[in-house]
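model08.txt follows (compact mmCIF, C-alpha atoms (C1' of nucleotides)):
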# COMPACT_ATOMS: atom_id res chain seq x y z
CA MET A 1263 0.32 8.84 -37.74
CA ALA A 1264 0.24 5.09 -37.16
CA GLY A 1265 0.24 3.84 -33.57
CA MET A 1266 -0.97 7.16 -32.22
CA ARG A 1267 -4.08 7.26 -30.07
CA ARG A 1268 -5.74 9.80 -27.84
CA LEU A 1269 -6.47 8.22 -24.48
CA VAL A 1270 -9.98 8.59 -23.06
CA GLU A 1271 -11.90 8.05 -19.84
CA GLU A 1272 -12.12 4.26 -20.23
CA ASP A 1273 -8.33 3.99 -20.48
CA PHE A 1274 -8.00 5.23 -16.90
CA ASN A 1275 -10.94 3.50 -15.27
CA SER A 1276 -8.91 0.80 -13.48
CA LYS A 1277 -8.41 0.82 -9.70
CA ASP A 1278 -4.80 -0.17 -10.31
CA THR A 1279 -3.66 3.41 -9.89
CA VAL A 1280 -0.02 2.45 -9.49
CA GLY A 1281 -0.06 0.37 -12.66
CA LEU A 1282 -1.72 3.19 -14.59
CA ALA A 1283 0.92 5.61 -13.32
CA ARG A 1284 3.71 3.32 -14.47
CA GLU A 1285 2.08 3.05 -17.90
CA LEU A 1286 1.66 6.82 -18.20
CA LEU A 1287 5.42 7.20 -18.48
CA GLY A 1288 6.37 7.63 -22.13
CA LYS A 1289 2.88 8.78 -23.08
CA TYR A 1290 2.52 12.36 -24.33
CA LEU A 1291 0.81 15.31 -22.71
CA VAL A 1292 -0.61 17.36 -25.56
CA LEU A 1293 -1.68 21.00 -25.28
CA GLY A 1294 -3.55 23.13 -27.81
CA THR A 1295 -5.67 22.12 -30.77
CA ALA A 1296 -5.62 19.26 -33.27
CA GLU A 1297 -4.22 21.68 -35.86
CA ARG A 1298 -1.52 23.13 -33.60
CA PRO A 1299 -0.69 20.62 -30.88
CA GLU A 1300 2.28 20.89 -28.55
CA ALA A 1301 3.31 17.47 -27.27
CA PHE A 1302 5.61 16.64 -24.36
CA ALA A 1303 6.72 13.16 -23.29
CA ILE A 1304 5.74 12.41 -19.69
CA THR A 1305 8.87 11.57 -17.70
CA GLU A 1306 7.83 11.61 -14.04
CA VAL A 1307 4.59 10.67 -12.26
CA GLU A 1308 3.24 9.73 -8.84
CA ALA A 1309 0.21 7.61 -7.91
CA TYR A 1310 -2.30 8.78 -5.28
CA ASP A 1311 -4.35 5.73 -4.64
CA GLY A 1312 -7.77 5.98 -3.05
CA PRO A 1313 -9.36 6.85 0.30
CA GLU A 1314 -6.90 4.79 2.37
CA ASP A 1315 -3.84 6.53 0.96
CA LEU A 1316 -2.98 9.12 3.61
CA ALA A 1317 -1.02 11.14 1.05
CA CYS A 1318 -4.06 11.40 -1.22
CA HIS A 1319 -6.12 14.54 -0.63
CA ALA A 1320 -9.28 12.44 -0.70
CA SER A 1321 -8.26 10.49 2.41
CA LYS A 1322 -9.45 13.46 4.49
CA GLY A 1323 -12.89 13.28 3.01
CA ARG A 1324 -14.96 14.54 0.17
CA THR A 1325 -14.82 18.35 0.02
CA LYS A 1326 -15.35 21.01 -2.56
CA ARG A 1327 -11.66 20.92 -3.46
CA THR A 1328 -11.34 17.12 -3.70
CA GLU A 1329 -14.62 16.58 -5.56
CA PRO A 1330 -12.95 15.97 -8.96
CA LEU A 1331 -11.04 13.03 -7.46
CA PHE A 1332 -14.37 11.29 -6.89
CA GLY A 1333 -15.57 12.00 -10.41
CA PRO A 1334 -15.02 10.08 -13.63
CA SER A 1335 -11.53 9.07 -14.73
CA GLY A 1336 -9.74 10.82 -17.54
CA HIS A 1337 -10.53 14.24 -16.07
CA TRP A 1338 -8.08 16.78 -14.68
CA TYR A 1339 -7.61 17.62 -11.02
CA VAL A 1340 -5.73 20.91 -10.71
CA TYR A 1341 -5.14 22.64 -7.39
CA LEU A 1342 -2.94 25.34 -5.93
CA CYS A 1343 -0.07 24.27 -3.69
CA TYR A 1344 1.94 26.50 -1.34
CA GLY A 1345 0.02 29.48 -2.65
CA ILE A 1346 2.06 29.54 -5.82
CA HIS A 1347 2.11 26.31 -7.79
CA GLU A 1348 -0.65 24.72 -9.83
CA MET A 1349 -0.45 20.91 -9.66
CA LEU A 1350 -1.69 18.84 -12.61
CA ASN A 1351 -3.25 15.47 -11.86
CA LEU A 1352 -5.12 12.98 -14.02
CA VAL A 1353 -8.07 11.39 -12.22
CA THR A 1354 -8.18 7.58 -12.39
CA GLY A 1355 -10.49 4.79 -11.28
CA PRO A 1356 -14.28 4.49 -11.41
CA ARG A 1357 -16.62 7.14 -10.04
CA ASP A 1358 -16.50 7.44 -6.24
CA TYR A 1359 -13.05 5.82 -6.13
CA PRO A 1360 -10.83 8.85 -5.43
CA ALA A 1361 -7.46 8.36 -7.10
CA ALA A 1362 -5.20 10.31 -9.41
CA ILE A 1363 -1.79 10.49 -11.00
CA LEU A 1364 0.31 13.60 -10.42
CA ILE A 1365 2.24 14.58 -13.54
CA ARG A 1366 5.55 15.82 -12.09
CA GLY A 1367 7.80 16.05 -15.12
CA LEU A 1368 7.92 16.26 -18.91
CA ALA A 1369 10.78 15.97 -21.35
CA GLY A 1370 12.61 19.25 -20.96
CA VAL A 1371 10.58 20.39 -17.94
CA SER A 1372 11.36 19.16 -14.41
CA GLY A 1373 9.06 19.84 -11.48
CA PRO A 1374 5.27 19.81 -11.15
CA GLY A 1375 5.02 23.55 -10.52
CA ARG A 1376 7.31 24.49 -13.34
CA LEU A 1377 5.55 22.34 -15.92
CA THR A 1378 2.15 23.92 -15.30
CA LYS A 1379 3.69 27.37 -15.46
CA ARG A 1380 5.53 26.53 -18.67
CA LEU A 1381 2.39 25.16 -20.34
CA GLY A 1382 0.06 27.79 -18.91
CA ILE A 1383 -2.03 25.21 -17.06
CA ASP A 1384 -4.09 26.40 -14.10
CA ARG A 1385 -7.30 25.69 -12.24
CA ARG A 1386 -9.38 26.52 -15.30
CA PHE A 1387 -8.68 22.90 -16.29
CA ASN A 1388 -9.89 21.54 -12.95
CA ALA A 1389 -12.62 18.88 -13.36
CA LYS A 1390 -12.47 19.21 -17.15
CA ALA A 1391 -12.20 16.11 -19.32
CA SER A 1392 -8.84 15.44 -20.94
CA SER A 1393 -9.88 15.93 -24.55
CA GLY A 1394 -9.53 18.06 -27.61
CA ASP A 1395 -12.36 20.22 -26.31
CA SER A 1396 -10.52 21.11 -23.13
CA GLY A 1397 -7.32 21.63 -25.11
CA LEU A 1398 -5.29 19.27 -22.94
CA TRP A 1399 -5.12 15.53 -23.42
CA ILE A 1400 -2.94 12.39 -23.36
CA GLU A 1401 -1.67 10.49 -26.41
CA ASP A 1402 -0.13 7.05 -26.74
CA ARG A 1403 2.44 7.34 -29.52
CA GLY A 1404 3.56 3.73 -29.34
CA LEU A 1405 6.56 4.26 -27.09
CA ALA A 1406 6.95 1.44 -24.53
CA LEU A 1407 9.45 1.58 -21.68
CA GLY A 1408 11.21 -1.42 -20.17
CA ASP A 1409 11.71 -1.67 -16.41
CA ALA A 1410 15.43 -1.03 -16.90
CA GLU A 1411 14.57 2.47 -18.14
CA VAL A 1412 12.39 3.37 -15.15
CA ASP A 1413 13.33 4.39 -11.61
CA VAL A 1414 10.84 3.62 -8.85
CA THR A 1415 10.97 5.62 -5.59
CA PRO A 1416 8.78 6.89 -2.77
CA ARG A 1417 6.74 10.00 -3.47
CA ILE A 1418 8.14 13.47 -2.87
CA GLY A 1419 6.99 15.71 -0.03
CA VAL A 1420 4.54 13.35 1.66
CA ASP A 1421 6.36 12.51 4.91
CA TYR A 1422 3.30 13.66 6.83
CA ALA A 1423 1.41 10.60 5.52
CA GLY A 1424 3.14 8.22 7.93
CA GLU A 1425 5.84 5.62 7.31
CA ASP A 1426 3.71 3.11 5.44
CA TRP A 1427 2.27 5.47 2.85
CA ALA A 1428 5.22 7.83 2.62
CA ASN A 1429 7.59 4.97 1.80
CA ARG A 1430 5.50 3.18 -0.80
CA PRO A 1431 7.15 3.00 -4.26
CA TYR A 1432 4.53 5.09 -6.02
CA ARG A 1433 6.81 7.46 -7.96
CA PHE A 1434 8.03 6.56 -11.45
CA VAL A 1435 10.75 8.40 -13.35
CA ILE A 1436 12.30 7.77 -16.74
CA LYS A 1437 16.05 7.42 -16.29
CA ASN A 1438 17.97 10.18 -18.06
CA GLY A 1439 14.59 11.58 -19.00
C1' DT B 63 18.03 26.33 4.60
C1' DA B 64 14.29 29.28 4.70
C1' DA B 65 11.03 32.44 2.87
C1' DG B 66 7.32 33.35 -0.17
C1' DT B 67 2.35 32.71 -1.07
C1' DG B 68 -2.79 31.90 -0.85
C1' DA B 69 -6.58 28.35 -1.01
C1' DT B 70 -8.51 25.12 2.02
C1' DC B 71 -10.01 23.11 6.15
C1' DT B 72 -10.68 22.85 11.20
C1' DC B 73 -11.47 24.82 14.93
C1' DT B 74 -13.90 28.82 17.72
C1' DG C 138 -12.78 34.82 11.72
C1' DA C 139 -8.26 32.93 13.21
C1' DG C 140 -4.69 29.63 12.67
C1' DA C 141 -2.35 25.58 10.66
C1' DT C 142 -1.25 23.12 6.77
C1' DC C 143 0.47 22.25 2.21
C1' DA C 144 1.83 16.53 -3.68
C1' DC C 145 6.97 23.52 -4.53
C1' DT C 146 10.57 26.77 -6.18
C1' DT C 147 14.16 29.92 -5.78
C1' DA C 148 17.79 32.38 -3.89
C1' DA C 149 21.59 32.27 -0.66
What is this structure when it is put down as structure tokens?
Amino acid sequence: MAGMRRLVEEDFNSKDTVGLARELLGKYLVLGTAERPEAFAITEVEAYDGPEDLACHASKGRTKRTEPLFGPSGHWYVYLCYGIHEMLNLVTGPRDYPAAILIRGLAGVSGPGRLTKRLGIDRRFNAKASSGDSGLWIEDRGLALGDAEVDVTPRIGVDYAGEDWANRPYRFVIKNG
DNA sequence: TAAGTGATCTCT
DNA sequence: GAGATCACTTAA
């Protein structure tokens, strides 16, 4: 199909985490194999931007759990939240720059916990590359969104991070998505 | 509005 | 080892 491209590590190597998050809207999360792919448009994301970002897990240091955030971009960071929900994040930025984009919603699936459950994504994907080999990757199918189609808000559930970081406009949602 | 649920991290 | 915390969801 023309204008369709699987995104790779280099596509997410920028330190402009917020810009990458904005651009991830309208891309497709694809699950399965090249023969039998299941694709979902990404409708809601949040940026977690580096060691200074008090809402980013990596701001509390490099631990066994947060290790994937410090690894190469274009890999998955999947962790368990509230004992129940698997959260799917795409690592961004160069090695040793801990940043990621939380994928919070897909077309037809609202909520970060619900989308991983629906797609059967869990910690087996943690630290894996987004690729055909891992069975989970991102595609650009040529859809571009104008600013009028995108809502920008503070991130959800990060009040603990203090006023500055909690209020930053790091969440992007497709309107009517 | 509050409970459920368990990995992770920071103390002791 | 104990205790607090947590990027959520569901039922009421």
From A:Phe1434, A:Tyr1344, A:Tyr1359, A:Trp1399, residue lying nearest C:DT142 [all atoms listed in the file]:
A:Tyr1344
Return the neighbours of chain A among the residues of chain C, cut-off 10 Å, counting all atoms listed in the file, as a list of chain:residue names.
C:DT142, C:DC143, C:DA144, C:DC145, C:DT146
To one decimal in Å, tell me the separation between atom CA of A:Gly1397 and atom CA of A:Gly1294.
4.9 Å
Which of A:Val1353, A:Arg1268, A:Gly1382, A:Lys1322 sits closest to chain B [using only C-alpha atoms (C1' of nucleotides)]:
A:Lys1322
Nearest to chain B, chosen from A:Gly1323, A:Pro1334, A:Gly1367, A:Gly1424, with all atoms listed in the file counted in the distances:
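Result for the nearest residue to chain B: A:Gly1323.
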Residues near A:Gly1281, cut-off 10 Å, all atoms listed in the file, skip fewer than 4 positions along chain, as a ChimeraX atom specification:
/A:1276-1277,1285-1286,1309,1432
Proximity of chain B to chain A: per-residue shortest pair, 10 Å limit, all atoms listed in the file, as CSV:
residue,atom,partner,partner_atom,distance
B:DG66,C1',A:Ile1346,CA,8.6
B:DT67,C1',A:Gly1345,CA,4.3
B:DG68,C1',A:Gly1345,CA,4.1
B:DA69,C1',A:Leu1342,CA,6.8
B:DT70,C1',A:Arg1327,CA,7.6
B:DC71,C1',A:Thr1325,CA,9.1
With C-alpha atoms (C1' of nucleotides) retained, export the selected residues as a compact mmCIF listing (two decimals), in the coordinates of the input.
# COMPACT_ATOMS: atom_id res chain seq x y z
C1' DG B 66 7.32 33.35 -0.17
C1' DT B 67 2.35 32.71 -1.07
C1' DG B 68 -2.79 31.90 -0.85
C1' DA B 69 -6.58 28.35 -1.01
C1' DT B 70 -8.51 25.12 2.02
C1' DC B 71 -10.01 23.11 6.15
